[in-house]
Structure formats: structure tokens, C-alpha cells
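Shown next: final_23.txt, given as compact mmCIF, C-alpha atoms.
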# COMPACT_ATOMS: atom_id res chain seq x y z
CA MET A 1 -11.18 -4.84 -21.43
CA HIS A 2 -9.42 -1.66 -22.46
CA GLY A 3 -12.35 0.68 -22.83
CA PRO A 4 -12.38 4.45 -23.15
CA GLU A 5 -11.95 6.59 -20.08
CA LEU A 6 -15.13 7.24 -18.14
CA SER A 7 -15.82 10.63 -16.57
CA ARG A 8 -17.20 10.46 -13.02
CA ARG A 9 -18.15 13.52 -11.02
CA GLY A 10 -18.71 14.88 -7.52
CA LEU A 11 -19.97 11.94 -5.71
CA PHE A 12 -21.52 11.94 -2.30
CA ALA A 13 -22.27 14.14 0.69
CA LEU A 14 -19.83 12.77 3.22
CA ALA A 15 -19.98 12.62 6.98
CA THR A 16 -16.60 13.47 8.46
CA ALA A 17 -15.15 11.88 11.56
CA GLY A 18 -14.02 15.16 13.11
CA VAL A 19 -17.39 16.92 13.16
CA ALA A 20 -20.25 14.78 14.40
CA GLY A 21 -23.24 14.94 12.09
CA ALA A 22 -21.66 17.46 9.73
CA CYS A 23 -21.91 16.76 6.00
CA LEU A 24 -19.51 18.13 3.43
CA PRO A 25 -19.89 17.75 -0.34
CA ALA A 26 -17.19 15.86 -2.17
CA THR A 27 -15.30 18.17 -4.50
CA ALA A 28 -15.89 17.56 -8.21
CA PHE A 29 -12.58 17.00 -9.97
CA ALA A 30 -14.02 15.39 -13.15
CA GLU A 31 -12.30 12.13 -12.31
CA GLN A 32 -11.21 9.94 -15.21
CA VAL A 33 -11.30 6.18 -14.73
CA SER A 34 -9.99 3.57 -17.15
CA VAL A 35 -9.79 -0.17 -16.64
CA VAL A 36 -6.93 -2.52 -17.54
CA ASP A 37 -7.71 -6.21 -17.88
CA VAL A 38 -4.99 -8.29 -16.20
CA GLY A 39 -6.71 -11.56 -15.31
CA GLY A 40 -6.15 -13.89 -12.40
CA ALA A 41 -6.51 -13.23 -8.67
CA LEU A 42 -4.78 -9.90 -8.10
CA THR A 43 -3.25 -9.42 -4.66
CA ALA A 44 -1.11 -6.27 -4.71
CA VAL A 45 -0.13 -3.27 -6.83
CA ALA A 46 2.90 -0.94 -6.78
CA VAL A 47 4.11 1.94 -8.96
CA ASN A 48 7.55 3.03 -10.06
CA PRO A 49 7.27 6.85 -10.02
CA VAL A 50 10.37 7.22 -12.21
CA THR A 51 9.28 4.99 -15.09
CA GLY A 52 5.54 5.20 -14.46
CA LEU A 53 5.21 1.43 -14.81
CA VAL A 54 2.79 -0.45 -12.56
CA TYR A 55 3.37 -3.94 -11.12
CA VAL A 56 0.51 -6.23 -10.10
CA THR A 57 0.84 -9.66 -8.48
CA ASP A 58 -1.40 -12.60 -9.41
CA SER A 59 -1.52 -15.39 -6.86
CA ASN A 60 -3.28 -17.79 -9.24
CA SER A 61 -0.57 -17.87 -11.89
CA GLY A 62 2.39 -17.02 -9.66
CA SER A 63 3.25 -14.01 -11.78
CA VAL A 64 3.72 -10.25 -11.87
CA ALA A 65 2.00 -8.24 -14.60
CA VAL A 66 3.66 -5.04 -15.81
CA ILE A 67 1.21 -2.34 -16.87
CA ASP A 68 2.14 0.62 -19.03
CA PRO A 69 -0.49 3.24 -18.08
CA ALA A 70 0.30 5.33 -21.17
CA ALA A 71 -0.52 2.37 -23.40
CA GLY A 72 -3.37 1.27 -21.15
CA ARG A 73 -2.42 -2.39 -21.23
CA VAL A 74 -0.28 -5.15 -19.79
CA THR A 75 3.06 -5.20 -21.58
CA THR A 76 4.85 -8.04 -19.80
CA ILE A 77 4.06 -11.03 -17.58
CA ILE A 78 6.90 -12.10 -15.26
CA THR A 79 6.64 -15.61 -13.86
CA VAL A 80 7.91 -15.80 -10.27
CA GLY A 81 6.20 -18.96 -9.03
CA GLY A 82 4.46 -19.61 -5.73
CA LYS A 83 1.58 -17.41 -4.63
CA PRO A 84 2.84 -13.83 -4.59
CA SER A 85 1.09 -11.64 -2.03
CA ASP A 86 2.83 -8.28 -2.20
CA VAL A 87 5.06 -6.24 -4.49
CA ALA A 88 7.33 -3.27 -3.77
CA VAL A 89 9.44 -1.09 -6.06
CA ASP A 90 12.93 0.30 -5.50
CA SER A 91 12.85 3.13 -8.04
CA ALA A 92 16.45 4.17 -7.32
CA ALA A 93 17.86 0.76 -8.26
CA ASN A 94 15.03 -0.05 -10.72
CA ARG A 95 14.23 -3.30 -8.96
CA VAL A 96 11.01 -5.01 -8.00
CA TYR A 97 10.57 -7.18 -4.91
CA VAL A 98 7.85 -9.82 -4.60
CA ALA A 99 6.75 -11.63 -1.43
CA ASN A 100 5.93 -15.35 -1.66
CA PRO A 101 4.40 -16.46 1.68
CA PRO A 102 4.28 -20.25 0.99
CA GLY A 103 8.01 -20.25 0.27
CA GLY A 104 8.88 -17.73 2.98
CA THR A 105 10.89 -15.81 0.39
CA VAL A 106 11.29 -12.45 -1.29
CA ILE A 107 12.06 -12.52 -5.02
CA ALA A 108 14.28 -9.74 -6.37
CA LEU A 109 13.63 -8.80 -10.01
CA ASP A 110 15.57 -6.58 -12.37
CA ALA A 111 12.90 -4.16 -13.62
CA LEU A 112 14.74 -3.59 -16.91
CA SER A 113 15.37 -7.19 -17.97
CA HIS A 114 12.52 -8.72 -15.91
CA GLN A 115 14.94 -11.42 -14.82
CA THR A 116 15.08 -12.90 -11.33
CA MET A 117 18.20 -11.67 -9.56
CA SER A 118 17.82 -13.69 -6.37
CA VAL A 119 15.38 -15.47 -4.08
CA VAL A 120 16.01 -14.45 -0.47
CA GLY A 121 14.70 -16.19 2.66
CA ALA A 122 12.45 -13.98 4.78
CA GLY A 123 10.77 -16.43 7.17
CA ALA A 124 7.68 -18.59 6.70
CA GLY A 125 4.61 -16.59 5.70
CA ALA A 126 6.50 -13.43 4.73
CA SER A 127 3.71 -11.54 3.01
CA SER A 128 4.09 -7.73 3.09
CA LEU A 129 7.03 -5.58 2.00
CA ALA A 130 8.57 -2.13 2.39
CA VAL A 131 11.68 -0.75 0.70
CA ASP A 132 14.27 1.71 2.04
CA SER A 133 16.21 2.62 -1.11
CA ALA A 134 18.66 4.94 0.63
CA ALA A 135 19.65 2.32 3.22
CA ASN A 136 19.65 -0.56 0.71
CA LYS A 137 17.13 -2.55 2.74
CA VAL A 138 13.90 -4.44 2.19
CA TYR A 139 11.65 -5.26 5.14
CA ALA A 140 9.22 -8.19 5.11
CA VAL A 141 6.65 -9.08 7.77
CA SER A 142 5.10 -12.51 8.34
CA ASP A 143 1.40 -12.95 9.05
CA THR A 144 1.97 -16.50 10.31
CA LEU A 145 5.08 -16.18 12.47
CA GLY A 146 4.86 -12.54 13.51
CA THR A 147 8.40 -11.79 12.40
CA LEU A 148 10.14 -8.90 10.68
CA ALA A 149 12.84 -9.85 8.18
CA ILE A 150 15.50 -7.32 7.15
CA LEU A 151 17.10 -8.00 3.77
CA ASP A 152 20.23 -6.35 2.36
CA THR A 153 19.66 -5.29 -1.25
CA LEU A 154 23.37 -4.98 -2.11
CA SER A 155 24.26 -8.58 -1.26
CA LEU A 156 20.66 -9.84 -1.65
CA THR A 157 20.90 -11.76 1.58
CA THR A 158 18.90 -12.03 4.80
CA GLN A 159 20.47 -9.70 7.33
CA ARG A 160 18.24 -10.46 10.30
CA ILE A 161 14.83 -11.84 11.33
CA VAL A 162 13.30 -10.28 14.44
CA ALA A 163 10.40 -11.77 16.39
CA ALA A 164 7.61 -9.29 17.08
CA PRO A 165 5.88 -9.16 20.48
CA LYS A 166 2.59 -10.05 18.75
CA PRO A 167 1.66 -13.33 17.00
CA SER A 168 1.12 -12.05 13.45
CA LEU A 169 1.95 -9.01 11.32
CA ALA A 170 -0.09 -8.02 8.27
CA GLY A 171 1.35 -4.78 6.91
CA ILE A 172 4.43 -2.61 7.15
CA ALA A 173 5.32 1.02 6.45
CA LEU A 174 8.61 2.85 6.96
CA ASP A 175 9.38 6.27 8.34
CA THR A 176 12.91 6.35 6.94
CA GLY A 177 13.72 9.83 8.26
CA ARG A 178 12.85 8.92 11.84
CA ARG A 179 14.19 5.38 11.42
CA ILE A 180 10.95 3.64 12.42
CA ALA A 181 8.99 0.72 10.95
CA TYR A 182 5.29 0.44 11.71
CA CYS A 183 3.78 -3.06 11.53
CA THR A 184 0.07 -3.85 11.83
CA SER A 185 -1.09 -6.73 14.02
CA PRO A 186 -4.68 -7.78 13.14
CA THR A 187 -4.96 -10.31 15.95
CA THR A 188 -4.25 -7.73 18.66
CA ASP A 189 -5.74 -4.58 17.03
CA SER A 190 -2.43 -2.76 17.26
CA VAL A 191 0.46 -1.20 15.38
CA GLU A 192 3.84 -2.47 16.55
CA VAL A 193 6.66 0.09 16.48
CA TYR A 194 10.13 -1.11 15.45
CA ASP A 195 13.14 1.12 16.11
CA ILE A 196 15.49 0.50 13.20
CA ASP A 197 18.62 1.83 14.91
CA ALA A 198 17.95 -0.02 18.17
CA GLY A 199 17.07 -3.16 16.24
CA LYS A 200 14.02 -3.99 18.34
CA PHE A 201 10.31 -3.41 18.84
CA THR A 202 9.89 -0.62 21.37
CA SER A 203 6.18 0.19 21.68
CA SER A 204 2.65 -0.64 20.59
CA ALA A 205 -0.26 1.60 19.55
CA GLY A 206 -3.85 0.42 19.90
CA VAL A 207 -5.92 1.11 16.77
CA GLY A 208 -9.16 -0.19 15.22
CA ALA A 209 -10.33 -3.77 14.75
CA SER A 210 -8.09 -5.99 12.61
CA PRO A 211 -5.65 -3.41 11.16
CA THR A 212 -3.98 -4.42 7.90
CA GLY A 213 -2.75 -1.70 5.55
CA VAL A 214 -0.50 1.07 6.90
CA VAL A 215 1.29 4.10 5.42
CA VAL A 216 3.42 6.97 6.73
CA HIS A 217 3.36 10.59 5.58
CA GLU A 218 7.10 11.21 5.50
CA ALA A 219 7.16 14.95 6.21
CA SER A 220 4.94 14.84 9.30
CA GLY A 221 5.59 11.27 10.38
CA THR A 222 1.85 10.70 10.80
CA VAL A 223 0.74 7.09 10.42
CA PHE A 224 -2.52 6.05 8.73
CA VAL A 225 -4.01 2.61 9.29
CA ALA A 226 -6.71 0.69 7.41
CA ASN A 227 -8.83 -1.34 9.83
CA SER A 228 -10.39 -4.30 8.05
CA ALA A 229 -13.10 -5.09 10.61
CA ILE A 230 -14.50 -1.64 11.41
CA HIS A 231 -15.72 1.37 9.42
CA HIS A 232 -12.96 3.77 10.32
CA MET A 233 -9.36 4.56 9.53
CA SER A 234 -6.95 5.17 12.42
CA ILE A 235 -4.46 8.02 12.61
CA VAL A 236 -1.39 7.51 14.82
CA ASP A 237 0.55 10.54 16.06
CA ALA A 238 4.24 10.62 15.12
CA VAL A 239 5.37 11.93 18.52
CA THR A 240 3.22 10.05 21.01
CA ARG A 241 2.88 6.99 18.73
CA GLU A 242 -0.68 6.58 19.90
CA GLN A 243 -3.96 6.72 18.02
CA SER A 244 -4.93 10.40 17.90
CA LYS A 245 -7.99 10.32 15.67
CA THR A 246 -10.27 8.13 13.57
CA VAL A 247 -11.92 8.89 10.23
CA LEU A 248 -15.33 7.37 9.52
CA LEU A 249 -15.52 5.45 6.22
CA ARG A 250 -18.39 3.84 4.32
CA SER A 251 -17.00 0.33 4.83
CA GLU A 252 -14.08 -1.60 6.25
CA ALA A 253 -10.70 -0.85 4.65
CA SER A 254 -7.80 -3.22 4.10
CA ALA A 255 -5.51 -1.23 1.79
CA ILE A 256 -4.21 2.33 1.98
CA ALA A 257 -1.84 4.64 0.07
CA VAL A 258 -0.54 8.18 0.58
CA HIS A 259 0.42 10.86 -1.90
CA GLN A 260 3.37 12.40 -0.10
CA GLY A 261 3.36 15.82 -1.76
CA THR A 262 -0.25 16.66 -0.87
CA ASP A 263 -0.70 14.49 2.25
CA THR A 264 -3.70 12.86 0.60
CA ILE A 265 -4.74 9.39 1.71
CA TYR A 266 -6.51 6.89 -0.54
CA THR A 267 -8.14 3.76 0.84
CA ASN A 268 -10.49 1.01 -0.33
CA GLY A 269 -12.90 1.84 2.50
CA GLY A 270 -15.43 3.39 0.13
CA GLN A 271 -18.81 1.97 -0.88
CA ASN A 272 -17.69 -0.30 -3.74
CA GLY A 273 -14.84 2.05 -4.44
CA LEU A 274 -12.25 4.49 -3.18
CA SER A 275 -12.21 7.01 -0.32
CA ARG A 276 -10.02 10.14 -0.20
CA VAL A 277 -8.89 11.69 3.10
CA ASP A 278 -7.09 14.96 3.81
CA GLY A 279 -4.21 13.62 5.90
CA LYS A 280 -3.38 16.92 7.57
CA ALA A 281 -6.95 17.68 8.67
CA GLY A 282 -7.90 14.05 9.20
CA VAL A 283 -11.14 14.56 7.27
CA LEU A 284 -12.86 12.49 4.60
CA THR A 285 -13.04 14.66 1.46
CA GLY A 286 -14.33 12.43 -1.31
CA GLU A 287 -15.58 9.07 -2.52
CA LEU A 288 -15.42 7.43 -5.90
CA SER A 289 -17.66 4.48 -6.70
CA LEU A 290 -16.00 1.95 -9.00
CA GLY A 291 -18.80 -0.59 -8.92
CA VAL A 292 -16.45 -3.30 -7.64
CA ASN A 293 -15.14 -4.64 -4.36
CA PRO A 294 -11.70 -2.96 -4.43
CA GLY A 295 -8.51 -4.70 -3.34
CA ASP A 296 -5.10 -3.09 -3.09
CA VAL A 297 -4.40 0.62 -3.67
CA ALA A 298 -1.28 2.44 -4.92
CA VAL A 299 -0.58 6.03 -5.96
CA ASP A 300 2.01 7.40 -8.39
CA GLN A 301 3.96 10.07 -6.48
CA ARG A 302 4.65 12.04 -9.65
CA SER A 303 1.40 11.92 -11.62
CA ARG A 304 -0.90 11.33 -8.62
CA ALA A 305 -2.71 8.62 -10.59
CA VAL A 306 -4.28 6.04 -8.28
CA TYR A 307 -4.38 2.32 -9.06
CA VAL A 308 -6.98 -0.01 -7.53
CA THR A 309 -7.15 -3.77 -8.05
CA ASP A 310 -10.34 -5.78 -8.46
CA PRO A 311 -9.34 -9.27 -7.26
CA LEU A 312 -12.65 -10.85 -8.30
CA HIS A 313 -12.53 -9.76 -11.95
CA GLY A 314 -8.77 -9.50 -12.44
CA THR A 315 -8.74 -5.83 -13.43
CA VAL A 316 -6.94 -2.65 -12.35
CA SER A 317 -8.70 0.72 -12.32
CA VAL A 318 -6.54 3.70 -13.27
CA ILE A 319 -7.91 6.86 -11.66
CA ARG A 320 -6.78 10.37 -12.50
CA ASN A 321 -7.79 13.74 -11.04
CA PHE A 322 -9.26 12.37 -7.83
Rewritten as C-alpha cells:
Amino acid sequence: MHGPELSRRGLFALATAGVAGACLPATAFAEQVSVVDVGGALTAVAVNPVTGLVYVTDSNSGSVAVIDPAAGRVTTIITVGGKPSDVAVDSAANRVYVANPPGGTVIALDALSHQTMSVVGAGAGASSLAVDSAANKVYAVSDTLGTLAILDTLSLTTQRIVAAPKPSLAGIALDTGRRIAYCTSPTTDSVEVYDIDAGKFTSSAGVGASPTGVVVHEASGTVFVANSAIHHMSIVDAVTREQSKTVLLRSEASAIAVHQGTDTIYTNGGQNGLSRVDGKAGVLTGELSLGVNPGDVAVDQRSRAVYVTDPLHGTVSVIRNF
């Protein structure tokens, strides 16, 4: 369904985590929401900020849908096979990487031709990805083995697979400037810290119940964690690498994205929709009801458009001015 854009305004009075009992009104930005029908069981979404194209994985059909937001529709379906769980974009090389947990592989796609360049082993259950374009690396964590795979994007080969100190890893985010990878461990309610230069896990930060999604604000190094079994988001300090604060949300959150330029966090921990958090202040600043149970979240670093999947109905919401 490619309907007209819907205007949604100033949503709820929100209780913030930092001030007990205080209520702040959500700012009215005259949000514009449009919906793109993709179909299938959507698992992940990623944006190429250079081209503006959006990539969405469908575990039912073993494919990646390419959305052109300007056209408001799916323009291409790329068959990759398996049950893709995550997708990541290397905008510098114009490549797309897709995780296939059943095969324990990462599929490298040429974003221009949509052809498969290589299928690289990443360990059984490899399910979540992060790309370091400058270092020519892709990182993949396994939720079944608790391993971190490091793939070389020049040779498209497996460089190394490192066992984590915890039994499973659900999400990964990179602080490329400080050379750190943060990996969530839902079974131990922690974020495992991997030192890229040392080539090993060096510490662990306790966070909320069953952490899954994780992002890093690159300038400050602050880490934000979506806890899927509790109504708050965790904030991990870049220096101490310990939880420094929590932000109360309307519901559990599993996915999270950060707009780097404004230090704005978006998460699916809203009431049938999206929550917005001021990353610097650590305060909830807005909610947007989408009327669906939202899945993955991504933000375009250039346009600031936010993309939210609806796994149940096979659609992607395109949100502007929120």
C-alpha cells in the first residue's frame, strides 16, 4: 500500500528517566509518515546515506528488498537464499552485507549490479552485522555460538573468529575512532567490550534485561542499548564502560538507531511505535504512534528520515521530521 503521507502531531506527555515524576510535552514537528508495502517477514533495515536507498531483509523469501524512498516503492528484489536476519551497508564501497544465520555466512552484494560478490563464512548462527568502511572490515556476531567474526572486505574472506566470554551475542555496534566493538549478550544482561587492536574481549558492562540492539554515538563514544525484556534503554559511558543512566520507555525495545549529527536516538520502545531520545541529555523527548508492533529501526544520516519495519504486515514506515 503506497498511500499518501499522513501528518501526525505532538503526541504524548512523556515521563523522563532523569527527573522522577516530571512530565514534558513531546515537541510537535508535524511528522510525516508514509508506508511502503514490501511483503514477507521483515527482519532488518539499513540505509545508504549516499544513495538514499533502503535495504530490507525478508526471512520468508530469503531476499533483500531495495526501497527508493523518493519513489515510495520497492524497486528491486535481490534473492540471497537462506533466512537473512540482518543487513548492513558500506556506503564508501557501495556494497551491502547480509547475515544468514542458518548457513553461518555473510553475503556480500554489489549495490550497483545487485549481484552476489561472495559468500563468506562467519560461524554458525552469525546474525548481526557492523561495517567499518575505513578499515575494510565487517563484523558479525553469533547468537548461538557467542562468537565475533571479523571479515576482510578487500579479499572477502574470514580473517578471524573470536569466542566471546558469554554464551550468545545478539547485536553489535562499532566505535571506530576508539577501536572498540560493543556486543550485547541477552542471556547475561550485559554488553561485552571487544578491543579491536588487542584482538580480544576486555571488559563487560551490566545493562538491562535481555539487551539486543546497540548503537554508538561516534563523537562522544556513548553507547545506547535496547533492552528487550524491560521498559528502559541503557546508556553506557564511553570512559568507564559502565551503565551510567537508564531512560524509561513505554515498552520493551529491541532495535535502536542514532542520528550522529544531532545525537538523537530512535528506538522501537514506544507504545505501538517509535520513541525519540536526546542522547546528550539522556532524556525521552518524543513518541510517535504507528499503530503497529515495530521491528527494526534505521535512520538516514543525511536526510534524518527514520525507517521502521512492521514484521507482521510486511511494511516499512518512512518517517520524516521526527
Q | Among listed residues A:Ala253, A:Ile150, A:Leu174, A:Ala198, nearest Gly221 in chain A (using all atoms listed in the file) | A | A:Leu174
Q.
For a quick check of understanding, using all atoms listed in the file, which of A:Arg320, A:Arg160, A:Lys166, A:Arg250 has the smallest distance to Gly146 in chain A?
A.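 Closest residue, counting all atoms listed in the file: A:Lys166.
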For range 255-272 of chain A: contacts at 9 Å, all atoms listed in the file, fewer than 3 positions along chain excluded, given as a JSON list (two decimals) with C-alpha atoms, in the coordinates of the input:
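selection_38.json written:
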[["chain", "number", "residue", "atom", "x", "y", "z"],
["A", 212, "THR", "CA", -3.98, -4.42, 7.90],
["A", 213, "GLY", "CA", -2.75, -1.70, 5.55],
["A", 214, "VAL", "CA", -0.50, 1.07, 6.90],
["A", 215, "VAL", "CA", 1.29, 4.10, 5.42],
["A", 216, "VAL", "CA", 3.42, 6.97, 6.73],
["A", 217, "HIS", "CA", 3.36, 10.59, 5.58],
["A", 218, "GLU", "CA", 7.10, 11.21, 5.50],
["A", 219, "ALA", "CA", 7.16, 14.95, 6.21],
["A", 224, "PHE", "CA", -2.52, 6.05, 8.73],
["A", 225, "VAL", "CA", -4.01, 2.61, 9.29],
["A", 226, "ALA", "CA", -6.71, 0.69, 7.41],
["A", 227, "ASN", "CA", -8.83, -1.34, 9.83],
["A", 228, "SER", "CA", -10.39, -4.30, 8.05],
["A", 231, "HIS", "CA", -15.72, 1.37, 9.42],
["A", 232, "HIS", "CA", -12.96, 3.77, 10.32],
["A", 233, "MET", "CA", -9.36, 4.56, 9.53],
["A", 249, "LEU", "CA", -15.52, 5.45, 6.22],
["A", 250, "ARG", "CA", -18.39, 3.84, 4.32],
["A", 251, "SER", "CA", -17.00, 0.33, 4.83],
["A", 252, "GLU", "CA", -14.08, -1.60, 6.25],
["A", 275, "SER", "CA", -12.21, 7.01, -0.32],
["A", 276, "ARG", "CA", -10.02, 10.14, -0.20],
["A", 277, "VAL", "CA", -8.89, 11.69, 3.10],
["A", 278, "ASP", "CA", -7.09, 14.96, 3.81],
["A", 279, "GLY", "CA", -4.21, 13.62, 5.90],
["A", 280, "LYS", "CA", -3.38, 16.92, 7.57],
["A", 287, "GLU", "CA", -15.58, 9.07, -2.52],
["A", 288, "LEU", "CA", -15.42, 7.43, -5.90],
["A", 289, "SER", "CA", -17.66, 4.48, -6.70],
["A", 290, "LEU", "CA", -16.00, 1.95, -9.00],
["A", 291, "GLY", "CA", -18.80, -0.59, -8.92],
["A", 292, "VAL", "CA", -16.45, -3.30, -7.64],
["A", 293, "ASN", "CA", -15.14, -4.64, -4.36],
["A", 294, "PRO", "CA", -11.70, -2.96, -4.43],
["A", 295, "GLY", "CA", -8.51, -4.70, -3.34],
["A", 296, "ASP", "CA", -5.10, -3.09, -3.09],
["A", 297, "VAL", "CA", -4.40, 0.62, -3.67],
["A", 298, "ALA", "CA", -1.28, 2.44, -4.92],
["A", 299, "VAL", "CA", -0.58, 6.03, -5.96],
["A", 300, "ASP", "CA", 2.01, 7.40, -8.39],
["A", 301, "GLN", "CA", 3.96, 10.07, -6.48],
["A", 302, "ARG", "CA", 4.65, 12.04, -9.65],
["A", 304, "ARG", "CA", -0.90, 11.33, -8.62],
["A", 306, "VAL", "CA", -4.28, 6.04, -8.28],
["A", 308, "VAL", "CA", -6.98, -0.01, -7.53]]
How big is the axis-aligned box, and where does its centre sit, when it encloses all atoms of range 86-102 of chain A listed in the file and has 4 Å added on every side, reported in Å to one decimal as JSON?
{"center_x": 10.3, "center_y": -8.0, "center_z": -4.5, "size_x": 23.0, "size_y": 32.4, "size_z": 20.4}
Local residues around (-1.0, -6.7, -9.2), at most 8 Å away, using only C-alpha atoms, as a PDB file with C-alpha atoms, in the coordinates of the input:
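Final output, saved to out-v8.pdb:
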ATOM      1  CA  LEU A  42      -4.780  -9.900  -8.100  1.00  0.00           C
ATOM      2  CA  THR A  43      -3.250  -9.420  -4.660  1.00  0.00           C
ATOM      3  CA  ALA A  44      -1.110  -6.270  -4.710  1.00  0.00           C
ATOM      4  CA  VAL A  45      -0.130  -3.270  -6.830  1.00  0.00           C
ATOM      5  CA  ALA A  46       2.900  -0.940  -6.780  1.00  0.00           C
ATOM      6  CA  TYR A  55       3.370  -3.940 -11.120  1.00  0.00           C
ATOM      7  CA  VAL A  56       0.510  -6.230 -10.100  1.00  0.00           C
ATOM      8  CA  THR A  57       0.840  -9.660  -8.480  1.00  0.00           C
ATOM      9  CA  ASP A  58      -1.400 -12.600  -9.410  1.00  0.00           C
ATOM     10  CA  VAL A  64       3.720 -10.250 -11.870  1.00  0.00           C
ATOM     11  CA  ALA A  65       2.000  -8.240 -14.600  1.00  0.00           C
ATOM     12  CA  VAL A  87       5.060  -6.240  -4.490  1.00  0.00           C
ATOM     13  CA  THR A 309      -7.150  -3.770  -8.050  1.00  0.00           C
ATOM     14  CA  VAL A 316      -6.940  -2.650 -12.350  1.00  0.00           C
TER      15      VAL A 316
END
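For the residues A:Thr76, A:Ser91, A:Ser190, A:Ser85, ranking by smallest atom-to-atom distance to Ser113 in chain A using all atoms listed in the file places A:Thr76 first.
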(Q) Measuring between all atoms listed in the file, which one of A:Asn60, A:Ile78, A:Thr144, A:Val47 shows the shortest distance to Pro101 in chain A? (A) A:Thr144
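Non-sequential neighbours of Val96 in chain A (distance at most 8 Å, separation of 6 or more positions within a chain, all atoms listed in the file) are A:Val87, A:Ala88, A:Val89, A:Asp90, A:Ala108, A:Leu109, A:Asp110, A:Ala111.
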**Q.** Point-to-point distance in Å for CA of Ala99 in chain A and CA of Ala126 in chain A
**A.** 6.4 Å
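In this structure, CA of Val33 in chain A sits 21.8 Å away from CA of Val50 in chain A.
Taking CA of Leu156 in chain A and CA of Ile180 in chain A as the two end points, the separation is 21.8 Å.
Residue neighbourhood of Gly39 in chain A, excluding near-sequence residues (fewer than 2 positions): A:Asp37, A:Ala41, A:His313, A:Gly314, A:Thr315, at 7 Å, using all atoms listed in the file.
Closest approach to Lys245 in chain A among A:Gly273, A:Gly208, A:Ala122, A:Lys137 is made by A:Gly208 (distances from all atoms listed in the file).
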Q.
I want to know what sits within 9 Å of Gly104 in chain A, based on all atoms listed in the file, with residues of the same chain fewer than 5 positions away left out; could you give that as an NGL selection string?
A. :A and (99 or 120-127 or 142)
